[in-house]
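These notes concern the structure reproduced below.
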Amino acid sequence: MAQLTDDCFAFGGPMMSVDEAVAMIAARIAPVADTQILPLAEADGRVLAEPLIARAPLPRFANSAVDGYAVRSADLPSAAEETFPVIDRVAAGASAEAPLAQRAVVRIFTGAPMPQGADTVFMQEDVRVLPDGQVVLPPGLKAGANVRLPGEDIAVGAAALPPGRRLRPQDIALAAALGATELKVRRRPRVAVFSTGDELALPGTVPDAAQLFDSNRVMLLAMLKRLGCEVSDLGILRDEPASLAPALRAAARGHDLVLTSGGVSTGEEDHVKAVVEGIGSLVLWRMAIKPGRPVAMGVIEGAPFIGLPGNPAASFVTFVYVVRPAILALSGAAQETPMPMMVRATFSYAKKTGRREYVRANVARGADGVFEAMKFPREGAGLLSSLAETAGMIELPEQVTSVTPGEMVAFFPYTGLLA
Ligand code: AMP
Ligand code: MG
């Protein structure tokens, strides 16, 4: 398991900015060391452990980019069209019989190797075939046109994929194109998840008058799985130090990260903080983020610990800006800044400076074709409907104090935040 020092998440300031949190997490959490070799078919979403070096150029040989006629560039008609005999035919997967003679052409198809001596291809649409089988080539084609050169995609010896790449389908295709059958990836981070709170009931049971169903745990487990983690669902912990301490300690021993929700505010019944301080070390950050705010980071027996706030929307947002970077760091993956789409606000909003806010919203094309953001009408951090009925969040940076209709704002679709 990853080993961290006890004070590694200590933070001096009164409020930690989102960027400070991400930078600290990325710098302090080391990747899991174990690697495994996976066949390409199982590598999607996994994190590459070492660079993929091209042992051969891609493409391996010069080939035609089109269906047409291969010529020597020295023979290209310069001023007027010229007629040439067709002396060979090369389909994809075959090779020319002999080098191309002067003042002759070879019928060639996309992907077929260029005959020796030929370096330019006319598209079949641009030539005329005469009844006797000869072809008429127009003037004006550039030497080298319509030919793919060896190594023009990837040069031999180049790092085709960097370590830390979370493999996507196109990355796997590149590995296959270079002849690889398997890739070395890091093992998945193992994450333990608890909910905390005396008020929580298990879905499927009959809640007391004062209980609510635990919804954070399934959300966090699902978010972790989307990020490629192996998860352990460790249930609900009561707000009592005697049960919290042994459970958290046992979880820390077998996992790369221990994640909880609830119990990290500063109320008298928020015991997670005191318990983690007792069995490890803990710092409670007040993050300059809304929804969110109290987030605990710590170390238990060398394993990182993150305590998210209990309110569902706060849990969700702090997951994205604290847990996601931590999982990427544990996975050995490069940090990925989510990419927004710029959309036009249709609403007014007043905001305090000094903190970043995420406004849950939907987006649709306006009458003039520009995408517009509609804010979810209510803002409470406890509202699950605000997450379920929206497609993403608008980010309002720290220095912003207001939004007025017509202004362009940055919208982050959930799909980009959860992957
Ligand atoms: P806390 O962070 O423990 O003060 O909890 C803040 C709010 O979130 C309270 O209303 C809790 O009941 C609620 N809450 C805490 N944990 C969960 C959970 N696992 N699922 C749903 N709501 C929760
Ligand atoms: Mg609580």
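We name chains A, B, ... following the order of the structure tokens; residues begin at 1 in each chain, and ligands are numbered from 1 as shown.
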Requested in this report: Enumerate residues in contact with ligand 2: an atom-to-atom distance of at most 10 Å, counting only C-alpha atoms and all ligand atoms. Format the result as a list in words.
Outcome: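 Those within range of ligand 2 are Ser195, Thr196, Gly197, Asp198, Glu199, Leu200, Arg238, Asp239, Ser261, Gly262, Gly263, Val264, Ser265, Gly267, Glu268, Glu269, Asp270, His271, Val272, Pro309, Gly310 and Asn311 of chain A.
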Query raised in the report: What lies within 8 Å of A:Ala62 using only C-alpha atoms, ignoring chain neighbours under 5 positions off, as number ranges by chain?
Result: A: 113-114, 147-150
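A straight line drawn from atom CA of A:Gly13 to atom CA of A:Ile25 is 15.7 Å long.
Distances to ligand 1 were evaluated for A:Val370, A:Ser281, A:Asn362, A:Phe194 using only C-alpha atoms and all ligand atoms, and the minimum falls at A:Phe194.
Here the question is which of A:Tyr358, A:Phe9, A:Phe316, A:Phe84 gets nearest to ligand 1 using only C-alpha atoms and all ligand atoms, and that residue is A:Phe316.
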Requested in this report: Show which residues sit within 8 Å of stretch 396-399 of chain A, as a VMD selection string. Count only C-alpha atoms, and ignore same-chain residues fewer than 2 positions away.
Outcome: chain A and resid 353 to 359 394 401 409 to 410
How would the residues just chosen look if you wrote them out with all heavy atoms as a compact mmCIF listing (two decimals), in the first residue's frame?
# COMPACT_ATOMS: atom_id res chain seq x y z
N THR A 353 -17.01 36.56 -3.27
CA THR A 353 -15.68 36.32 -3.81
C THR A 353 -14.93 35.38 -2.87
O THR A 353 -15.35 35.13 -1.75
CB THR A 353 -14.83 37.61 -3.92
OG1 THR A 353 -14.84 38.23 -2.64
CG2 THR A 353 -15.34 38.53 -4.98
N GLY A 354 -13.81 34.88 -3.35
CA GLY A 354 -12.94 34.09 -2.49
C GLY A 354 -13.28 32.62 -2.45
O GLY A 354 -12.58 31.84 -1.82
N ARG A 355 -14.34 32.22 -3.08
CA ARG A 355 -14.62 30.78 -3.16
C ARG A 355 -15.13 30.44 -4.55
O ARG A 355 -15.67 31.29 -5.26
CB ARG A 355 -15.61 30.34 -2.09
CG ARG A 355 -17.02 30.79 -2.36
CD ARG A 355 -17.95 30.31 -1.28
NE ARG A 355 -19.31 30.74 -1.55
CZ ARG A 355 -20.23 30.95 -0.61
NH1 ARG A 355 -19.95 30.75 0.65
NH2 ARG A 355 -21.44 31.33 -0.95
N ARG A 356 -14.93 29.18 -4.89
CA ARG A 356 -15.40 28.72 -6.19
C ARG A 356 -16.78 28.09 -6.00
O ARG A 356 -16.98 27.35 -5.05
CB ARG A 356 -14.43 27.69 -6.74
CG ARG A 356 -14.63 27.44 -8.20
CD ARG A 356 -13.68 26.41 -8.71
NE ARG A 356 -12.31 26.88 -8.84
CZ ARG A 356 -11.33 26.10 -9.32
NH1 ARG A 356 -11.58 24.86 -9.69
NH2 ARG A 356 -10.11 26.57 -9.43
N GLU A 357 -17.69 28.41 -6.89
CA GLU A 357 -19.01 27.81 -6.76
C GLU A 357 -19.35 26.99 -7.99
O GLU A 357 -18.95 27.33 -9.11
CB GLU A 357 -20.09 28.90 -6.56
CG GLU A 357 -19.93 29.58 -5.21
CD GLU A 357 -21.18 30.32 -4.78
OE1 GLU A 357 -22.29 30.05 -5.30
OE2 GLU A 357 -21.04 31.19 -3.90
N TYR A 358 -20.08 25.93 -7.73
CA TYR A 358 -20.57 25.08 -8.81
C TYR A 358 -22.08 25.12 -8.81
O TYR A 358 -22.71 24.77 -7.81
CB TYR A 358 -20.04 23.65 -8.64
CG TYR A 358 -18.56 23.60 -8.96
CD1 TYR A 358 -17.60 23.72 -7.96
CD2 TYR A 358 -18.14 23.53 -10.28
CE1 TYR A 358 -16.24 23.74 -8.27
CE2 TYR A 358 -16.78 23.55 -10.60
CZ TYR A 358 -15.85 23.65 -9.60
OH TYR A 358 -14.51 23.69 -9.90
N VAL A 359 -22.63 25.59 -9.89
CA VAL A 359 -24.07 25.76 -10.03
C VAL A 359 -24.58 24.64 -10.94
O VAL A 359 -24.14 24.52 -12.09
CB VAL A 359 -24.37 27.14 -10.66
CG1 VAL A 359 -25.85 27.27 -10.98
CG2 VAL A 359 -23.91 28.25 -9.73
N ILE A 394 -21.95 24.51 -13.66
CA ILE A 394 -21.26 25.71 -14.13
C ILE A 394 -20.26 26.11 -13.06
O ILE A 394 -20.60 26.19 -11.88
CB ILE A 394 -22.27 26.85 -14.36
CG1 ILE A 394 -23.19 26.47 -15.52
CG2 ILE A 394 -21.55 28.17 -14.66
CD1 ILE A 394 -24.43 27.30 -15.57
N THR A 401 -18.24 37.74 -8.85
CA THR A 401 -19.24 38.13 -7.83
C THR A 401 -20.67 37.99 -8.33
O THR A 401 -21.59 37.99 -7.55
CB THR A 401 -19.04 39.60 -7.40
OG1 THR A 401 -19.08 40.41 -8.57
CG2 THR A 401 -17.72 39.80 -6.68
N VAL A 409 -20.38 31.41 -19.63
CA VAL A 409 -19.89 30.73 -18.42
C VAL A 409 -19.38 29.34 -18.81
O VAL A 409 -19.72 28.81 -19.87
CB VAL A 409 -21.01 30.61 -17.35
CG1 VAL A 409 -21.34 31.96 -16.76
CG2 VAL A 409 -22.26 29.93 -17.93
N ALA A 410 -18.56 28.76 -17.91
CA ALA A 410 -17.96 27.45 -18.19
C ALA A 410 -18.82 26.34 -17.61
O ALA A 410 -19.02 26.27 -16.39
CB ALA A 410 -16.55 27.38 -17.58
**Report entry** All strand (DSSP E or B) residues (DSSP, backbone) inside stretch 101-346 of chain A, as a PyMOL selection string
**Finding:** chain A and resi 105-108+113+120-123+128-129+135-137+147-148+154+159-161+166+182-186+190-196+200-201+203+205+212-213+230-237+257-261+281-287+289-290+294-300+303-308+341-345
Requested in this report: Run DSSP on the backbone and give me the residues of stretch 167-363 of chain A it puts in alpha helix (DSSP H), as number ranges by chain.
Outcome: A: 169-177, 216-226, 241-254, 271-279, 312-318, 324-331
Give me the residues within 9 Å of A:Arg107 as a CSV table (one decimal) with all heavy atoms, in the first residue's frame, counting only C-alpha atoms and dropping any in the same chain fewer than 5 places off.
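Written out: around_2.csv:
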chain,number,residue,atom,x,y,z
A,67,ASP,N,-7.3,5.2,-53.8
A,67,ASP,CA,-7.4,4.3,-54.9
A,67,ASP,C,-7.0,5.2,-56.1
A,67,ASP,O,-7.6,6.2,-56.3
A,67,ASP,CB,-8.8,3.8,-55.1
A,67,ASP,CG,-9.3,2.9,-54.0
A,67,ASP,OD1,-8.4,2.3,-53.3
A,67,ASP,OD2,-10.5,2.7,-53.7
A,68,GLY,N,-6.1,4.7,-56.9
A,68,GLY,CA,-5.7,5.5,-58.1
A,68,GLY,C,-4.5,4.9,-58.9
A,68,GLY,O,-4.5,3.7,-59.1
A,69,TYR,N,-3.6,5.8,-59.3
A,69,TYR,CA,-2.5,5.4,-60.2
A,69,TYR,C,-1.2,6.0,-59.6
A,69,TYR,O,-1.1,7.2,-59.4
A,69,TYR,CB,-2.8,5.9,-61.6
A,69,TYR,CG,-4.0,5.2,-62.2
A,69,TYR,CD1,-5.3,5.8,-61.9
A,69,TYR,CD2,-3.9,4.0,-62.9
A,69,TYR,CE1,-6.4,5.1,-62.4
A,69,TYR,CE2,-5.0,3.4,-63.4
A,69,TYR,CZ,-6.3,3.9,-63.1
A,69,TYR,OH,-7.4,3.3,-63.5
A,70,ALA,N,-0.2,5.1,-59.4
A,70,ALA,CA,1.1,5.5,-58.8
A,70,ALA,C,2.0,5.8,-60.0
A,70,ALA,O,2.1,5.1,-61.0
A,70,ALA,CB,1.7,4.4,-58.0
A,86,VAL,N,-0.6,1.5,-68.3
A,86,VAL,CA,-0.7,0.9,-66.9
A,86,VAL,C,0.0,-0.4,-67.0
A,86,VAL,O,-0.5,-1.3,-67.7
A,86,VAL,CB,-2.2,0.8,-66.5
A,86,VAL,CG1,-2.3,0.2,-65.1
A,86,VAL,CG2,-3.0,2.1,-66.6
A,87,ILE,N,1.1,-0.6,-66.2
A,87,ILE,CA,1.9,-1.8,-66.4
A,87,ILE,C,1.8,-2.8,-65.2
A,87,ILE,O,2.3,-3.9,-65.3
A,87,ILE,CB,3.4,-1.4,-66.6
A,87,ILE,CG1,3.9,-0.6,-65.4
A,87,ILE,CG2,3.6,-0.6,-67.9
A,87,ILE,CD1,5.4,-0.6,-65.3
A,88,ASP,N,1.0,-2.4,-64.2
A,88,ASP,CA,0.9,-3.4,-63.1
A,88,ASP,C,-0.3,-3.0,-62.3
A,88,ASP,O,-0.9,-1.9,-62.5
A,88,ASP,CB,2.2,-3.3,-62.2
A,88,ASP,CG,2.4,-4.6,-61.3
A,88,ASP,OD1,1.4,-5.5,-61.3
A,88,ASP,OD2,3.4,-4.7,-60.6
A,89,ARG,N,-0.7,-3.8,-61.3
A,89,ARG,CA,-1.8,-3.6,-60.5
A,89,ARG,C,-1.5,-4.1,-59.1
A,89,ARG,O,-1.1,-5.2,-58.9
A,89,ARG,CB,-3.0,-4.3,-61.0
A,89,ARG,CG,-4.3,-4.1,-60.3
A,89,ARG,CD,-5.4,-4.9,-61.0
A,89,ARG,NE,-6.7,-4.6,-60.5
A,89,ARG,CZ,-7.2,-5.2,-59.3
A,89,ARG,NH1,-6.5,-6.0,-58.6
A,89,ARG,NH2,-8.4,-4.8,-58.9
A,90,VAL,N,-1.6,-3.2,-58.1
A,90,VAL,CA,-1.2,-3.6,-56.7
A,90,VAL,C,-2.4,-3.3,-55.8
A,90,VAL,O,-2.8,-2.1,-55.6
A,90,VAL,CB,0.0,-2.8,-56.1
A,90,VAL,CG1,0.5,-3.5,-54.9
A,90,VAL,CG2,1.1,-2.7,-57.2
A,91,ALA,N,-3.0,-4.4,-55.2
A,91,ALA,CA,-4.1,-4.2,-54.2
A,91,ALA,C,-3.5,-4.2,-52.8
A,91,ALA,O,-2.3,-4.6,-52.6
A,91,ALA,CB,-5.1,-5.4,-54.4
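With only C-alpha atoms and all ligand atoms as the atoms that count, the minimum distance from ligand 1 to the choices A:Arg128, A:Arg165, A:Arg293, A:Arg344 is reached by A:Arg293.
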Query raised in the report: Pick the closest to ligand 1 from A:Ser215, A:Thr346, A:Ser17, A:Thr404: which is it, counting only C-alpha atoms and all ligand atoms?
Result: A:Ser215
Requested in this report: Select, from A:Ala367, A:Leu308, A:Val403, A:Met123, the residue with the minimum atom-to-atom distance to ligand 1, counting only C-alpha atoms and all ligand atoms.
Outcome: A:Leu308
Query raised in the report: Pick the closest to ligand 1 from A:Leu167, A:Ala296, A:Ala112, A:Val400: which is it, counting only C-alpha atoms and all ligand atoms?
Result: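 Among A:Leu167, A:Ala296, A:Ala112, A:Val400, it is A:Ala296 that comes nearest to ligand 1.
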Query - Exercise: stretch 181-184 of chain A partners within 9 Å, only C-alpha atoms, chain neighbours under 3 positions left out, as a VMD selection string - result: chain A and resid 35 to 43 47 to 50 52 172 175 to 176
Store the residues picked out above in a file with all heavy atoms, as a tab-separated table (two decimals), in the first residue's frame.
chain	number	residue	atom	x	y	z
A	35	THR	N	2.31	-3.60	-10.80
A	35	THR	CA	1.86	-3.52	-12.19
A	35	THR	C	1.38	-4.89	-12.64
A	35	THR	O	1.62	-5.89	-11.97
A	35	THR	CB	3.01	-3.07	-13.12
A	35	THR	OG1	4.08	-4.01	-12.97
A	35	THR	CG2	3.51	-1.69	-12.77
A	36	GLN	N	0.69	-4.91	-13.73
A	36	GLN	CA	0.27	-6.17	-14.33
A	36	GLN	C	0.30	-6.04	-15.84
A	36	GLN	O	0.22	-4.92	-16.37
A	36	GLN	CB	-1.11	-6.60	-13.81
A	36	GLN	CG	-2.20	-5.61	-14.10
A	36	GLN	CD	-3.52	-5.99	-13.42
A	36	GLN	OE1	-4.12	-5.19	-12.74
A	36	GLN	NE2	-4.00	-7.21	-13.65
A	37	ILE	N	0.42	-7.17	-16.51
A	37	ILE	CA	0.43	-7.17	-17.98
A	37	ILE	C	-0.96	-7.59	-18.42
A	37	ILE	O	-1.45	-8.62	-17.99
A	37	ILE	CB	1.45	-8.20	-18.51
A	37	ILE	CG1	2.83	-7.97	-17.89
A	37	ILE	CG2	1.48	-8.20	-20.03
A	37	ILE	CD1	3.68	-6.95	-18.56
A	38	LEU	N	-1.58	-6.78	-19.25
A	38	LEU	CA	-2.93	-7.10	-19.70
A	38	LEU	C	-2.98	-7.19	-21.22
A	38	LEU	O	-2.35	-6.39	-21.92
A	38	LEU	CB	-3.91	-5.99	-19.28
A	38	LEU	CG	-4.32	-5.91	-17.83
A	38	LEU	CD1	-5.35	-4.81	-17.66
A	38	LEU	CD2	-4.91	-7.25	-17.36
A	39	PRO	N	-3.76	-8.15	-21.74
A	39	PRO	CA	-4.01	-8.15	-23.19
A	39	PRO	C	-4.73	-6.85	-23.58
A	39	PRO	O	-5.46	-6.28	-22.78
A	39	PRO	CB	-4.91	-9.36	-23.42
A	39	PRO	CG	-5.34	-9.84	-22.08
A	39	PRO	CD	-4.46	-9.22	-21.04
A	40	LEU	N	-4.52	-6.43	-24.81
A	40	LEU	CA	-5.10	-5.16	-25.25
A	40	LEU	C	-6.60	-5.10	-25.01
A	40	LEU	O	-7.14	-4.06	-24.64
A	40	LEU	CB	-4.82	-4.92	-26.74
A	40	LEU	CG	-3.35	-4.74	-27.15
A	40	LEU	CD1	-3.27	-4.31	-28.61
A	40	LEU	CD2	-2.65	-3.73	-26.26
A	41	ALA	N	-7.27	-6.22	-25.20
A	41	ALA	CA	-8.73	-6.23	-25.08
A	41	ALA	C	-9.19	-5.92	-23.66
A	41	ALA	O	-10.36	-5.59	-23.45
A	41	ALA	CB	-9.28	-7.58	-25.53
A	42	GLU	N	-8.29	-6.01	-22.68
A	42	GLU	CA	-8.69	-5.73	-21.29
A	42	GLU	C	-8.08	-4.43	-20.77
A	42	GLU	O	-8.17	-4.14	-19.58
A	42	GLU	CB	-8.26	-6.89	-20.38
A	42	GLU	CG	-9.08	-8.14	-20.62
A	42	GLU	CD	-8.46	-9.37	-19.95
A	42	GLU	OE1	-7.85	-9.22	-18.88
A	42	GLU	OE2	-8.61	-10.45	-20.52
A	43	ALA	N	-7.44	-3.68	-21.65
A	43	ALA	CA	-6.65	-2.54	-21.17
A	43	ALA	C	-7.40	-1.21	-21.14
A	43	ALA	O	-6.91	-0.24	-20.57
A	43	ALA	CB	-5.39	-2.40	-22.03
A	47	VAL	N	-4.27	2.30	-16.47
A	47	VAL	CA	-3.22	3.32	-16.54
A	47	VAL	C	-1.90	2.68	-16.95
A	47	VAL	O	-1.41	1.75	-16.28
A	47	VAL	CB	-3.08	4.04	-15.19
A	47	VAL	CG1	-1.93	5.06	-15.25
A	47	VAL	CG2	-4.39	4.73	-14.83
A	48	LEU	N	-1.34	3.19	-18.02
A	48	LEU	CA	-0.10	2.64	-18.56
A	48	LEU	C	1.05	2.88	-17.57
A	48	LEU	O	1.24	3.99	-17.08
A	48	LEU	CB	0.18	3.31	-19.91
A	48	LEU	CG	1.20	2.66	-20.82
A	48	LEU	CD1	0.75	1.24	-21.22
A	48	LEU	CD2	1.39	3.51	-22.06
A	49	ALA	N	1.81	1.82	-17.30
A	49	ALA	CA	2.88	1.92	-16.29
A	49	ALA	C	4.21	2.34	-16.88
A	49	ALA	O	5.10	2.79	-16.16
A	49	ALA	CB	3.02	0.58	-15.56
A	50	GLU	N	4.40	2.15	-18.16
A	50	GLU	CA	5.68	2.50	-18.79
A	50	GLU	C	5.38	3.00	-20.20
A	50	GLU	O	4.33	2.70	-20.75
A	50	GLU	CB	6.59	1.26	-18.85
A	50	GLU	CG	5.95	0.12	-19.59
A	50	GLU	CD	6.76	-1.17	-19.56
A	50	GLU	OE1	7.64	-1.32	-18.70
A	50	GLU	OE2	6.49	-2.03	-20.43
A	52	LEU	N	5.11	3.32	-24.13
A	52	LEU	CA	5.08	2.35	-25.23
A	52	LEU	C	5.99	2.91	-26.32
A	52	LEU	O	5.71	3.97	-26.90
A	52	LEU	CB	3.65	2.19	-25.77
A	52	LEU	CG	3.54	1.28	-26.99
A	52	LEU	CD1	3.83	-0.18	-26.62
A	52	LEU	CD2	2.18	1.40	-27.65
A	172	ILE	N	-5.36	2.11	-27.45
A	172	ILE	CA	-5.22	0.66	-27.61
A	172	ILE	C	-5.03	0.33	-29.09
A	172	ILE	O	-4.24	-0.55	-29.46
A	172	ILE	CB	-6.45	-0.04	-27.00
A	172	ILE	CG1	-6.47	0.22	-25.49
A	172	ILE	CG2	-6.44	-1.53	-27.30
A	172	ILE	CD1	-7.76	-0.17	-24.84
A	175	ALA	N	-1.45	0.95	-29.95
A	175	ALA	CA	-0.60	-0.15	-29.48
A	175	ALA	C	-0.69	-1.33	-30.44
A	175	ALA	O	0.33	-1.94	-30.80
A	175	ALA	CB	-1.00	-0.55	-28.06
A	176	ALA	N	-1.91	-1.65	-30.87
A	176	ALA	CA	-2.10	-2.78	-31.80
A	176	ALA	C	-1.40	-2.48	-33.12
A	176	ALA	O	-0.75	-3.35	-33.70
A	176	ALA	CB	-3.59	-3.04	-32.01
**Report entry** Spatial neighbours of A:Gly157, max dist 9 Å, only C-alpha atoms, sep filter under 4 positions, as a VMD selection string
**Finding:** chain A and resid 53 to 57
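Of note, atom CA of A:Asp153 and atom CA of A:Leu58 are spaced 5.4 Å apart.
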